[in-house]
$ cat my_file36.tsv   # TSV, C-alpha atoms
chain	number	residue	atom	x	y	z
A	1	ARG	CA	0.00	0.00	0.00
A	2	GLY	CA	2.81	2.38	0.84
A	3	SER	CA	4.88	2.01	-2.27
A	4	SER	CA	1.93	2.20	-4.63
A	5	ALA	CA	0.75	5.37	-2.92
A	6	ARG	CA	4.21	6.85	-3.26
A	7	SER	CA	4.41	6.18	-6.95
A	8	GLU	CA	0.90	7.49	-7.49
A	9	ALA	CA	1.68	10.61	-5.50
A	10	LYS	CA	4.77	11.25	-7.59
A	11	SER	CA	2.70	10.99	-10.72
A	12	GLY	CA	0.45	13.80	-9.55
A	13	ARG	CA	-2.15	12.49	-7.08
A	14	THR	CA	-1.35	14.91	-4.31
A	15	ASP	CA	-4.26	13.84	-2.14
A	16	LEU	CA	-2.38	10.61	-1.40
A	17	ILE	CA	0.28	12.57	0.44
A	18	PHE	CA	-1.96	12.31	3.49
A	19	LEU	CA	-1.85	8.54	3.26
A	20	ILE	CA	1.92	8.57	3.10
A	21	ARG	CA	2.09	10.88	6.05
A	22	PHE	CA	-0.27	8.64	7.98
A	23	ARG	CA	1.86	5.59	7.25
A	24	HIS	CA	4.96	7.51	8.28
A	25	CYS	CA	3.35	8.37	11.63
A	26	CYS	CA	2.57	4.70	12.19
A	27	LEU	CA	6.10	3.64	11.35
A	28	LEU	CA	7.53	6.22	13.76
A	29	ARG	CA	5.12	5.05	16.45
A	30	ASN	CA	6.15	1.41	16.03
A	31	GLN	CA	9.78	2.40	16.09
A	32	ARG	CA	9.26	4.36	19.28
A	33	CYS	CA	7.49	1.46	21.00
A	34	LEU	CA	10.21	-1.00	20.00
A	35	LEU	CA	13.05	1.27	21.11
A	36	ALA	CA	11.40	2.01	24.45
A	37	TYR	CA	10.84	-1.72	25.03
A	38	LEU	CA	14.43	-2.63	24.21
A	39	TYR	CA	15.76	0.23	26.32
A	40	ASP	CA	13.64	-0.79	29.29
A	41	ARG	CA	15.03	-4.32	29.02
A	42	LEU	CA	18.54	-2.90	29.16
A	43	LEU	CA	17.71	-0.89	32.26
A	44	ARG	CA	16.49	-4.06	33.95
A	45	ILE	CA	19.55	-6.02	32.83
A	46	ARG	CA	21.78	-3.30	34.21
A	47	ALA	CA	19.89	-3.45	37.50
A	48	LEU	CA	20.59	-7.19	37.64
A	49	ARG	CA	24.31	-6.54	37.90
A	50	TRP	CA	23.72	-4.52	41.05
A	51	GLU	CA	20.90	-6.50	42.57
A	52	TYR	CA	21.92	-10.03	41.74
A	53	GLY	CA	25.59	-10.26	40.88
A	54	SER	CA	27.97	-10.69	37.99
A	55	VAL	CA	26.81	-14.15	37.01
A	56	LEU	CA	23.21	-14.35	35.89
A	57	PRO	CA	21.16	-17.51	36.44
A	58	ASN	CA	20.52	-19.60	33.34
A	59	ALA	CA	16.83	-18.98	33.63
A	60	ILE	CA	17.39	-15.29	32.95
A	61	GLN	CA	20.10	-15.66	30.33
A	62	PHE	CA	17.77	-17.96	28.46
A	63	HIS	CA	15.49	-15.00	27.86
A	64	MET	CA	18.15	-12.53	26.81
A	65	SER	CA	19.17	-11.93	23.23
A	66	ALA	CA	22.79	-12.41	22.22
A	67	GLU	CA	23.20	-8.64	21.98
A	68	GLU	CA	21.86	-8.20	25.50
A	69	VAL	CA	24.28	-10.79	26.88
A	70	GLU	CA	27.09	-8.97	25.11
A	71	TRP	CA	25.88	-5.66	26.55
A	72	PHE	CA	25.78	-7.14	30.03
A	73	ASN	CA	29.32	-8.43	29.70
A	74	ARG	CA	30.58	-5.08	28.52
A	75	TYR	CA	28.77	-3.28	31.30
A	76	LYS	CA	30.28	-5.69	33.82
A	77	LYS	CA	33.73	-4.99	32.44
A	78	SER	CA	33.23	-1.21	32.53
A	79	LEU	CA	32.06	-1.40	36.10
A	80	ALA	CA	34.95	-3.63	37.13
A	81	THR	CA	37.49	-1.32	35.50
A	82	TYR	CA	35.96	1.63	37.28
A	83	MET	CA	35.87	-0.11	40.64
A	84	ARG	CA	39.51	-1.10	40.30
A	85	SER	CA	40.45	2.50	39.65
A	86	VAL	CA	38.99	3.92	42.87
A	87	GLY	CA	39.84	3.26	46.50
A	88	GLY	CA	43.58	2.58	46.32
A	89	GLU	CA	45.45	-0.50	45.15
A	90	GLU	CA	42.76	-3.09	45.75
A	91	GLY	CA	39.98	-1.08	44.25
A	92	LEU	CA	36.58	-0.73	45.85
A	93	ASP	CA	33.67	-3.12	45.39
A	94	LEU	CA	30.75	-0.74	45.07
A	95	THR	CA	28.25	-3.57	44.80
A	96	GLN	CA	28.96	-4.64	48.38
A	97	ASP	CA	27.58	-3.13	51.56
A	98	ILE	CA	24.73	-1.45	49.75
A	99	LYS	CA	23.04	-1.25	53.13
A	100	PRO	CA	25.18	0.17	55.92
A	101	PRO	CA	26.75	-2.75	57.80
A	102	LYS	CA	26.37	-2.99	61.55
A	103	SER	CA	28.74	-5.89	62.23
A	104	LEU	CA	31.42	-8.01	60.60
A	105	TYR	CA	29.61	-11.28	61.21
A	106	ILE	CA	25.93	-11.98	60.66
A	107	GLU	CA	23.46	-14.72	61.43
A	108	VAL	CA	22.00	-16.39	58.33
A	109	ARG	CA	19.52	-19.14	57.66
A	110	CYS	CA	19.68	-21.29	54.56
A	111	LEU	CA	16.54	-21.15	52.43
A	112	ARG	CA	17.36	-24.01	50.11
A	113	ASP	CA	19.97	-26.70	49.65
A	114	TYR	CA	23.05	-25.09	48.19
A	115	GLY	CA	25.93	-27.43	48.97
A	116	GLU	CA	29.40	-26.73	50.26
A	117	PHE	CA	30.61	-23.25	50.90
A	118	GLU	CA	34.20	-22.35	51.69
A	119	ILE	CA	35.06	-19.48	53.98
A	120	ASP	CA	38.33	-17.59	54.22
A	121	ASP	CA	40.13	-19.66	56.83
A	122	GLY	CA	39.76	-22.74	54.64
A	123	THR	CA	36.91	-24.45	56.45
A	124	THR	CA	33.86	-25.55	54.48
A	125	ILE	CA	30.32	-25.25	55.61
A	126	LEU	CA	27.42	-27.31	54.33
A	127	LEU	CA	24.53	-25.10	53.40
A	128	LYS	CA	21.46	-27.25	53.82
A	129	LYS	CA	17.91	-25.99	53.87
A	130	ASN	CA	17.00	-24.49	57.27
A	131	SER	CA	20.51	-24.71	58.71
A	132	GLN	CA	21.67	-21.60	60.52
A	133	HIS	CA	25.17	-20.17	60.52
A	134	PHE	CA	27.21	-17.30	61.86
A	135	LEU	CA	29.29	-16.08	58.94
A	136	PRO	CA	31.33	-13.10	57.73
A	137	ARG	CA	29.06	-10.55	56.15
A	138	TRP	CA	31.08	-10.01	52.99
A	139	LYS	CA	30.96	-13.70	52.06
A	140	CYS	CA	27.20	-14.01	52.47
A	141	GLU	CA	26.00	-10.82	50.89
A	142	GLN	CA	25.71	-12.18	47.41
A	143	LEU	CA	24.04	-15.42	48.49
A	144	ILE	CA	21.46	-13.45	50.44
A	145	ARG	CA	20.70	-11.28	47.44
A	146	GLN	CA	20.32	-14.40	45.33
A	147	GLY	CA	17.77	-15.83	47.74
A	148	VAL	CA	19.89	-18.74	48.95
A	149	LEU	CA	20.35	-17.38	52.46
A	150	GLU	CA	18.24	-15.21	54.69
A	151	HIS	CA	19.77	-12.53	56.90
A	152	ILE	CA	18.47	-12.88	60.45
A	153	LEU	CA	18.59	-9.94	62.77
A	154	SER	CA	19.09	-10.73	66.42
B	1	MET	CA	15.47	-5.02	41.18
B	2	ALA	CA	13.36	-2.29	42.67
B	3	GLU	CA	16.36	-0.37	43.97
B	4	ALA	CA	18.63	-0.46	40.96
B	5	TYR	CA	16.02	-0.24	38.22
B	6	PHE	CA	15.19	3.32	37.20
B	7	PRO	CA	12.68	3.44	34.34
B	8	VAL	CA	12.48	6.50	32.11
B	9	ALA	CA	10.11	8.96	33.74
B	10	PRO	CA	7.35	10.72	31.80
B	11	GLY	CA	8.21	14.13	30.40
B	12	LEU	CA	7.18	17.37	32.03
B	13	GLY	CA	5.40	20.07	30.14
B	14	LEU	CA	5.16	20.17	26.37
B	15	GLU	CA	7.79	17.56	25.58
B	16	GLU	CA	7.23	13.85	25.97
B	17	ASN	CA	10.14	11.62	26.84
B	18	PHE	CA	10.64	9.48	23.78
B	19	LEU	CA	11.69	6.37	25.71
B	20	SER	CA	9.23	6.70	28.57
B	21	LEU	CA	6.78	3.81	28.65
B	22	ASP	CA	4.37	6.00	30.61
B	23	ASP	CA	4.41	8.65	27.91
B	24	ILE	CA	3.81	6.01	25.26
B	25	LEU	CA	0.74	4.80	27.14
B	26	MET	CA	-0.39	8.36	27.71
B	27	SER	CA	-0.11	9.27	24.04
B	28	GLN	CA	-2.32	6.31	23.15
B	29	GLU	CA	-5.30	8.11	24.69
B	30	LYS	CA	-7.76	9.48	22.18
B	31	LEU	CA	-9.08	12.91	21.46
B	32	PRO	CA	-11.95	14.03	19.29
B	33	GLY	CA	-11.17	15.44	15.87
B	34	ARG	CA	-12.54	16.15	12.44
B	35	ALA	CA	-11.37	15.29	8.94
B	36	GLU	CA	-10.67	18.61	7.21
B	37	SER	CA	-10.68	17.15	3.74
B	38	ALA	CA	-11.64	13.84	2.24
B	39	LEU	CA	-9.02	11.32	3.27
B	40	PRO	CA	-8.66	8.65	0.60
B	41	ARG	CA	-8.11	5.06	1.71
B	42	LEU	CA	-7.69	5.89	5.38
B	43	ALA	CA	-11.08	4.61	6.50
B	44	PHE	CA	-9.65	1.22	7.42
B	45	ALA	CA	-7.62	2.80	10.18
B	46	LEU	CA	-9.91	5.36	11.68
B	47	VAL	CA	-13.47	4.20	11.03
B	48	GLN	CA	-14.86	1.00	12.46
B	49	GLY	CA	-16.17	-1.56	10.03
B	50	ALA	CA	-14.77	0.18	6.97
B	51	GLY	CA	-13.32	-1.83	4.14
B	52	THR	CA	-9.83	-1.33	2.78
B	53	GLY	CA	-9.81	1.32	0.12
B	54	ASP	CA	-12.71	3.31	1.56
B	55	ALA	CA	-12.22	7.01	1.95
B	56	ILE	CA	-13.14	9.14	4.95
B	57	PRO	CA	-15.52	11.85	3.79
B	58	GLU	CA	-14.68	15.44	4.58
B	59	GLY	CA	-16.08	16.65	7.85
B	60	SER	CA	-16.37	13.26	9.55
B	61	LYS	CA	-15.92	13.14	13.27
B	62	LEU	CA	-13.00	10.99	14.36
B	63	GLU	CA	-11.45	9.74	17.57
B	64	ILE	CA	-7.70	9.87	17.13
B	65	PRO	CA	-4.93	8.74	19.45
B	66	LEU	CA	-2.73	11.61	20.58
B	67	TRP	CA	0.37	10.36	18.78
B	68	LEU	CA	-1.45	10.34	15.48
B	69	ALA	CA	-3.04	13.72	16.14
B	70	LYS	CA	0.38	15.22	16.79
B	71	GLY	CA	1.75	13.65	13.64
B	72	LEU	CA	-1.05	14.68	11.27
B	73	HIS	CA	-1.77	18.08	12.73
B	74	ASP	CA	-0.43	21.33	11.36
B	75	SER	CA	-1.47	24.91	11.93
B	76	LYS	CA	-3.15	25.16	8.55
B	77	ARG	CA	-5.40	22.24	9.46
B	78	ARG	CA	-5.11	20.60	6.08
B	79	ILE	CA	-5.66	17.03	7.17
B	80	ILE	CA	-7.40	16.98	10.51
B	81	SER	CA	-8.40	19.40	13.19
B	82	VAL	CA	-8.55	18.46	16.85
B	83	GLU	CA	-10.94	19.44	19.58
B	84	LEU	CA	-10.49	19.46	23.28
B	85	PRO	CA	-11.79	16.45	25.16
B	86	LYS	CA	-14.66	17.53	27.37
B	87	ILE	CA	-12.81	17.48	30.67
B	88	TYR	CA	-10.51	20.22	29.44
B	89	LYS	CA	-13.34	22.41	28.24
B	90	GLU	CA	-14.97	25.36	29.96
B	91	ALA	CA	-17.75	23.42	31.70
B	92	TRP	CA	-15.45	20.97	33.42
B	93	ARG	CA	-12.88	23.64	34.11
B	94	THR	CA	-15.40	25.39	36.33
B	95	VAL	CA	-16.01	22.15	38.21
B	96	PHE	CA	-12.30	21.81	38.80
B	97	SER	CA	-11.97	25.34	40.09
B	98	ALA	CA	-14.91	24.86	42.43
B	99	ASP	CA	-13.54	21.79	44.18
B	100	ALA	CA	-10.83	19.73	42.53
B	101	ASN	CA	-10.72	17.18	45.31
B	102	VAL	CA	-14.00	15.49	44.49
B	103	VAL	CA	-13.16	14.65	40.88
B	104	ASP	CA	-12.28	11.08	39.97
B	105	LEU	CA	-9.24	11.79	37.84
B	106	HIS	CA	-8.62	8.13	37.19
B	107	LYS	CA	-11.93	7.75	35.42
B	108	MET	CA	-11.47	10.97	33.43
B	109	GLY	CA	-8.70	9.36	31.36
B	110	PRO	CA	-5.97	8.26	33.72
B	111	TYR	CA	-3.40	10.75	32.42
B	112	TYR	CA	-5.13	14.03	33.19
B	113	TYR	CA	-1.97	16.09	33.77
B	114	GLY	CA	0.22	14.48	31.12
B	115	PHE	CA	-2.40	14.49	28.40
B	116	GLY	CA	-3.52	17.99	29.34
B	117	SER	CA	0.04	19.26	29.00
B	118	GLN	CA	0.28	17.66	25.58
B	119	LEU	CA	-2.89	19.39	24.44
B	120	LEU	CA	-1.06	22.68	24.77
B	121	ASN	CA	0.93	21.69	21.69
B	122	PHE	CA	-2.10	22.35	19.49
B	123	ASP	CA	-2.66	26.06	19.11
B	124	ASN	CA	-5.97	26.65	20.72
B	125	PRO	CA	-7.09	30.00	22.10
B	126	GLU	CA	-8.13	28.35	25.35
B	127	ASN	CA	-4.60	27.08	26.10
B	128	PRO	CA	-3.74	29.59	28.86
B	129	ASP	CA	-6.96	28.70	30.67
B	130	ILE	CA	-6.33	24.98	30.29
B	131	ALA	CA	-2.81	25.39	31.63
B	132	GLN	CA	-4.08	27.38	34.61
B	133	THR	CA	-6.75	24.82	35.41
B	134	ILE	CA	-4.35	21.89	35.29
B	135	LEU	CA	-1.94	23.71	37.57
B	136	GLN	CA	-4.59	24.80	40.07
B	137	THR	CA	-6.09	21.33	40.14
B	138	PHE	CA	-2.74	19.86	41.02
B	139	ILE	CA	-2.14	22.41	43.73
B	140	SER	CA	-5.47	21.82	45.41
B	141	ARG	CA	-5.18	18.03	45.32
B	142	PHE	CA	-1.56	17.72	46.29
B	143	ARG	CA	-1.95	18.36	50.00
B	144	ARG	CA	-4.32	15.48	50.48
B	145	ILE	CA	-2.14	13.09	48.47
B	146	MET	CA	0.94	14.01	50.46
B	147	ASP	CA	-0.87	13.63	53.79
B	148	SER	CA	-2.46	10.30	53.00
B	149	SER	CA	0.72	8.80	51.56
B	150	GLN	CA	2.64	9.74	54.69
B	151	ASN	CA	0.08	8.38	57.11
B	152	ALA	CA	-1.08	5.12	55.60
B	153	TYR	CA	1.35	2.55	56.94
B	154	ASN	CA	0.82	-1.16	56.32
B	155	GLU	CA	-2.76	-0.77	55.22
B	156	ASP	CA	-4.83	-1.26	52.12
B	157	THR	CA	-4.50	1.97	50.16
B	158	SER	CA	-6.73	1.09	47.22
B	159	ALA	CA	-9.46	3.46	48.40
B	160	LEU	CA	-6.96	6.31	48.65
B	161	VAL	CA	-5.53	5.90	45.17
B	162	ALA	CA	-8.71	4.95	43.33
B	163	ARG	CA	-9.50	8.47	42.19
B	164	LEU	CA	-5.96	9.62	41.47
B	165	ASP	CA	-4.51	9.99	38.00
B	166	GLU	CA	-1.23	8.33	37.10
B	167	LEU	CA	1.00	11.26	38.04
B	168	GLU	CA	-0.65	11.49	41.43
B	169	ARG	CA	-0.33	7.75	41.93
B	170	ALA	CA	3.40	7.97	41.28
B	171	LEU	CA	3.63	10.73	43.88
B	172	PHE	CA	1.64	8.65	46.32
B	173	GLN	CA	3.97	5.72	45.79
B	174	ALA	CA	7.01	7.92	46.35
B	175	GLY	CA	5.50	9.06	49.64
B	176	GLN	CA	4.78	5.49	50.66
B	177	LYS	CA	8.28	4.40	49.85
B	178	GLY	CA	9.70	7.18	52.02
B	179	LEU	CA	7.41	6.19	54.85
B	180	ASN	CA	8.27	2.51	54.58
B	181	ASP	CA	11.99	3.18	54.38
B	182	PHE	CA	11.77	5.33	57.48
B	183	GLN	CA	9.81	2.72	59.43
B	184	CYS	CA	12.30	0.09	58.37
B	185	TRP	CA	15.13	2.26	59.67
B	186	GLU	CA	13.34	2.91	62.94
B	187	LYS	CA	12.90	-0.81	63.49
B	188	GLY	CA	16.60	-1.33	62.99
B	189	GLN	CA	16.11	-3.24	59.76
B	190	ALA	CA	17.98	-0.79	57.59
B	191	SER	CA	21.13	-2.87	57.75
B	192	GLN	CA	19.40	-6.13	56.89
B	193	ILE	CA	20.48	-7.49	53.54
B	194	THR	CA	17.48	-8.58	51.51
B	195	ALA	CA	17.04	-10.80	48.50
B	196	SER	CA	16.75	-9.12	45.14
B	197	SER	CA	13.07	-8.76	44.33
B	198	LEU	CA	13.79	-10.16	40.88
B	199	VAL	CA	14.78	-13.47	42.43
B	200	GLN	CA	11.58	-13.60	44.42
B	201	ASN	CA	9.51	-12.97	41.31
B	202	TYR	CA	11.27	-15.61	39.28
B	203	GLY	CA	10.78	-18.08	42.08
B	204	LYS	CA	7.06	-17.61	41.79
B	205	ARG	CA	7.15	-18.20	38.06
B	206	LYS	CA	8.87	-21.57	38.46
B	207	PHE	CA	11.93	-20.87	36.41
B	208	THR	CA	13.91	-23.18	38.64
B	209	ASP	CA	13.37	-26.08	36.25
B	210	LEU	CA	15.39	-24.24	33.63
B	211	ASP	CA	18.18	-23.53	36.08
B	212	GLY	CA	21.47	-25.42	35.67

$ encode --input "my_file36.tsv" --output "structure tokens"
Amino acid sequence: RGSSARSEAKSGRTDLIFLIRFRHCCLLRNQRCLLAYLYDRLLRIRALRWEYGSVLPNAIQFHMSAEEVEWFNRYKKSLATYMRSVGGEEGLDLTQDIKPPKSLYIEVRCLRDYGEFEIDDGTTILLKKNSQHFLPRWKCEQLIRQGVLEHILS
Amino acid sequence: MAEAYFPVAPGLGLEENFLSLDDILMSQEKLPGRAESALPRLAFALVQGAGTGDAIPEGSKLEIPLWLAKGLHDSKRRIISVELPKIYKEAWRTVFSADANVVDLHKMGPYYYGFGSQLLNFDNPENPDIAQTILQTFISRFRRIMDSSQNAYNEDTSALVARLDELERALFQAGQKGLNDFQCWEKGQASQITASSLVQNYGKRKFTDLDG
């Protein structure tokens, strides 16, 4: 419909210009909707890096396009480079301690079977559903965010 | 996800935000208009039950979504002309100035402020009055929204938000969030690490079978 209108308009039927303009509006509208949708997906993917961690669960990756996975990897890299460049020689992990910490060690309860978990002094802990542990905060933070552990306040 | 996800907010004033999902929804709302000349072949889009190839006769009344009205409109009114929806007209404007608090802005098209601001893009002699009314309406309703959002803790707020338009609902939610964050802090829970809300949502949707 579009191309025939265009060729008819060129050959002198100026009243069809309205049709072309109408079609153009529709195309722009579709483009806008698509771009906004894709952009919103990127905003959510970016939020995942902060909320969940640097490794996304398969369930989520399954629903991402190859370009989105690539974008996530590049974002991760940018963030890591930036974090290395601030806070002295070791860098500063900005994704940790998002809530102000009150203590070095925290009480956690395991919400589902996870398996073995190694802590800094070399000992391993078995994370079984409903088991409770007293662990260093910085080791648990990610597992809590991922829903494996639950932070218990005394 | 709630804390790190910042969607594109709707635009303020005459400009929409291109990528804002709220603005896209808002610009889908319809306004009344009129075909200023015969529009060949467009009947399929704008007239119900029309066949392809039918023309819209000159002078027909149409209901056009805002995005299309903005695209087809020009000051010489060669294709279409647009009219104000009735809630922005004189009669309703007087109602608003009498007591804005009683009006159900959700029913009157849920984007009263956003859509009203967009109407100012069409040159209409009533624009200054429309702008004034929208502003005054907001001012008179704001106090109640702020108060109720700050005082409704842990209760069902559906009655409070039922008659608010989308902009007001967003404000209400912002107030609620502030209240909840404060209460959380007062209870000493501000340092408690919580699971990402995304994880909780995916758990409900049973994606765990795809995992690993």

$ closest_atom_pairs --input "my_file36.tsv" --of "chain A" --to "chain B" --cutoff "9 Å" --atoms "all atoms listed in the file" --output "tab-separated table"
residue	atom	partner	partner_atom	distance
A:Asp15	CA	B:Pro40	CA	7.3
A:Leu16	CA	B:Pro40	CA	6.9
A:Phe18	CA	B:Ile79	CA	7.0
A:Leu19	CA	B:Leu42	CA	6.8
A:Arg21	CA	B:Leu72	CA	7.2
A:Phe22	CA	B:Leu72	CA	6.9
A:His24	CA	B:Gly71	CA	8.8
A:Cys25	CA	B:Gly71	CA	5.9
A:Cys26	CA	B:Leu68	CA	7.7
A:Arg29	CA	B:Trp67	CA	7.5
A:Arg32	CA	B:Phe18	CA	7.0
A:Cys33	CA	B:Ile24	CA	7.2
A:Leu35	CA	B:Leu19	CA	7.0
A:Ala36	CA	B:Leu19	CA	4.5
A:Tyr37	CA	B:Leu21	CA	7.8
A:Tyr39	CA	B:Leu19	CA	7.4
A:Asp40	CA	B:Pro7	CA	6.7
A:Leu43	CA	B:Tyr5	CA	6.2
A:Arg44	CA	B:Tyr5	CA	5.7
A:Ile45	CA	B:Tyr5	CA	8.7
A:Arg46	CA	B:Tyr5	CA	7.7
A:Ala47	CA	B:Ala4	CA	4.7
A:Leu48	CA	B:Met1	CA	6.6
A:Arg49	CA	B:Ala4	CA	8.9
A:Trp50	CA	B:Ala4	CA	6.5
A:Glu51	CA	B:Ser196	CA	5.5
A:Tyr52	CA	B:Ser196	CA	6.3
A:Pro57	CA	B:Asp211	CA	6.7
A:Asn58	CA	B:Asp211	CA	5.3
A:Ala59	CA	B:Asp211	CA	5.3
A:Ile60	CA	B:Phe207	CA	8.5
A:Phe62	CA	B:Leu210	CA	8.5
A:Asp97	CA	B:Ile193	CA	8.6
A:Ile98	CA	B:Ile193	CA	8.3
A:Lys99	CA	B:Ser191	CA	5.3
A:Pro100	CA	B:Ser191	CA	5.4
A:Pro101	CA	B:Ser191	CA	5.6
A:Lys102	CA	B:Ser191	CA	6.5
A:Glu141	CA	B:Ile193	CA	7.0
A:Gln142	CA	B:Ala195	CA	8.8
A:Leu143	CA	B:Ala195	CA	8.4
A:Ile144	CA	B:Ala195	CA	5.5
A:Arg145	CA	B:Ala195	CA	3.8
A:Gln146	CA	B:Ala195	CA	5.8
A:Gly147	CA	B:Ala195	CA	5.1
A:Val148	CA	B:Ala195	CA	8.4
A:Leu149	CA	B:Ala195	CA	8.4
A:Glu150	CA	B:Thr194	CA	7.4
A:His151	CA	B:Ile193	CA	6.1
A:Ile152	CA	B:Gln192	CA	7.7
A:Leu153	CA	B:Gln192	CA	7.1

$ residues_around --input "my_file36.tsv" --residues "Asp147 of chain B" --least-positions-apart "3" --cutoff "12 Å" --atoms "all atoms listed in the file" --output "list in words"
Arg141, Phe142, Arg143, Arg144, Gln150, Asn151, Ala152, Tyr153, Leu160, Leu171, Phe172, Gly175, Gln176 and Leu179 of chain B

$ write_last_selection --input "my_file36.tsv" --atoms "C-alpha atoms" --output "PDB file, in the frame of the given file"
ATOM      1  CA  ARG B 141      -5.180  18.030  45.320  1.00  0.00           C
ATOM      2  CA  PHE B 142      -1.560  17.720  46.290  1.00  0.00           C
ATOM      3  CA  ARG B 143      -1.950  18.360  50.000  1.00  0.00           C
ATOM      4  CA  ARG B 144      -4.320  15.480  50.480  1.00  0.00           C
ATOM      5  CA  GLN B 150       2.640   9.740  54.690  1.00  0.00           C
ATOM      6  CA  ASN B 151       0.080   8.380  57.110  1.00  0.00           C
ATOM      7  CA  ALA B 152      -1.080   5.120  55.600  1.00  0.00           C
ATOM      8  CA  TYR B 153       1.350   2.550  56.940  1.00  0.00           C
ATOM      9  CA  LEU B 160      -6.960   6.310  48.650  1.00  0.00           C
ATOM     10  CA  LEU B 171       3.630  10.730  43.880  1.00  0.00           C
ATOM     11  CA  PHE B 172       1.640   8.650  46.320  1.00  0.00           C
ATOM     12  CA  GLY B 175       5.500   9.060  49.640  1.00  0.00           C
ATOM     13  CA  GLN B 176       4.780   5.490  50.660  1.00  0.00           C
ATOM     14  CA  LEU B 179       7.410   6.190  54.850  1.00  0.00           C
TER      15      LEU B 179
END

$ atom_distance --input "my_file36.tsv" --atom1 "atom CA of Ala162 of chain B" --atom2 "atom CA of Phe182 of chain B"
24.9 Å

$ atom_distance --input "my_file36.tsv" --atom1 "atom CA of Ala131 of chain B" --atom2 "atom CA of Leu119 of chain B"
9.4 Å

$ atom_distance --input "my_file36.tsv" --atom1 "atom CA of Ala80 of chain A" --atom2 "atom CA of Leu94 of chain A"
9.4 Å

$ build_atoms --input "my_file36.tsv" --residues "segment 20-24 of chain B" --atoms "all heavy atoms" --output "mmCIF file, in the frame of the given file"
data_model
loop_
_atom_site.group_PDB
_atom_site.id
_atom_site.type_symbol
_atom_site.label_atom_id
_atom_site.label_comp_id
_atom_site.auth_asym_id
_atom_site.auth_seq_id
_atom_site.Cartn_x
_atom_site.Cartn_y
_atom_site.Cartn_z
ATOM 1 N N SER B 20 10.014 6.975 27.374
ATOM 2 C CA SER B 20 9.230 6.700 28.570
ATOM 3 C C SER B 20 8.010 5.847 28.235
ATOM 4 O O SER B 20 7.164 6.224 27.435
ATOM 5 C CB SER B 20 8.767 8.028 29.190
ATOM 6 O OG SER B 20 7.653 7.810 30.042
ATOM 7 N N LEU B 21 7.927 4.687 28.887
ATOM 8 C CA LEU B 21 6.780 3.810 28.650
ATOM 9 C C LEU B 21 5.477 4.478 29.092
ATOM 10 O O LEU B 21 4.428 4.304 28.479
ATOM 11 C CB LEU B 21 6.967 2.484 29.393
ATOM 12 C CG LEU B 21 8.161 1.651 28.929
ATOM 13 C CD1 LEU B 21 8.381 0.464 29.846
ATOM 14 C CD2 LEU B 21 7.970 1.170 27.500
ATOM 15 N N ASP B 22 5.560 5.276 30.146
ATOM 16 C CA ASP B 22 4.370 6.000 30.610
ATOM 17 C C ASP B 22 3.880 6.984 29.571
ATOM 18 O O ASP B 22 2.682 7.103 29.335
ATOM 19 C CB ASP B 22 4.693 6.767 31.899
ATOM 20 C CG ASP B 22 4.612 5.854 33.105
ATOM 21 O OD1 ASP B 22 3.616 5.127 33.212
ATOM 22 O OD2 ASP B 22 5.538 5.879 33.921
ATOM 23 N N ASP B 23 4.814 7.686 28.938
ATOM 24 C CA ASP B 23 4.410 8.650 27.910
ATOM 25 C C ASP B 23 3.822 7.947 26.696
ATOM 26 O O ASP B 23 2.917 8.472 26.049
ATOM 27 C CB ASP B 23 5.602 9.522 27.499
ATOM 28 C CG ASP B 23 5.722 10.774 28.355
ATOM 29 O OD1 ASP B 23 4.757 11.093 29.072
ATOM 30 O OD2 ASP B 23 6.782 11.420 28.306
ATOM 31 N N ILE B 24 4.360 6.748 26.392
ATOM 32 C CA ILE B 24 3.810 6.010 25.260
ATOM 33 C C ILE B 24 2.360 5.622 25.554
ATOM 34 O O ILE B 24 1.472 5.759 24.708
ATOM 35 C CB ILE B 24 4.673 4.771 24.957
ATOM 36 C CG1 ILE B 24 6.016 5.212 24.382
ATOM 37 C CG2 ILE B 24 3.967 3.834 23.984
ATOM 38 C CD1 ILE B 24 6.971 4.083 24.089
#
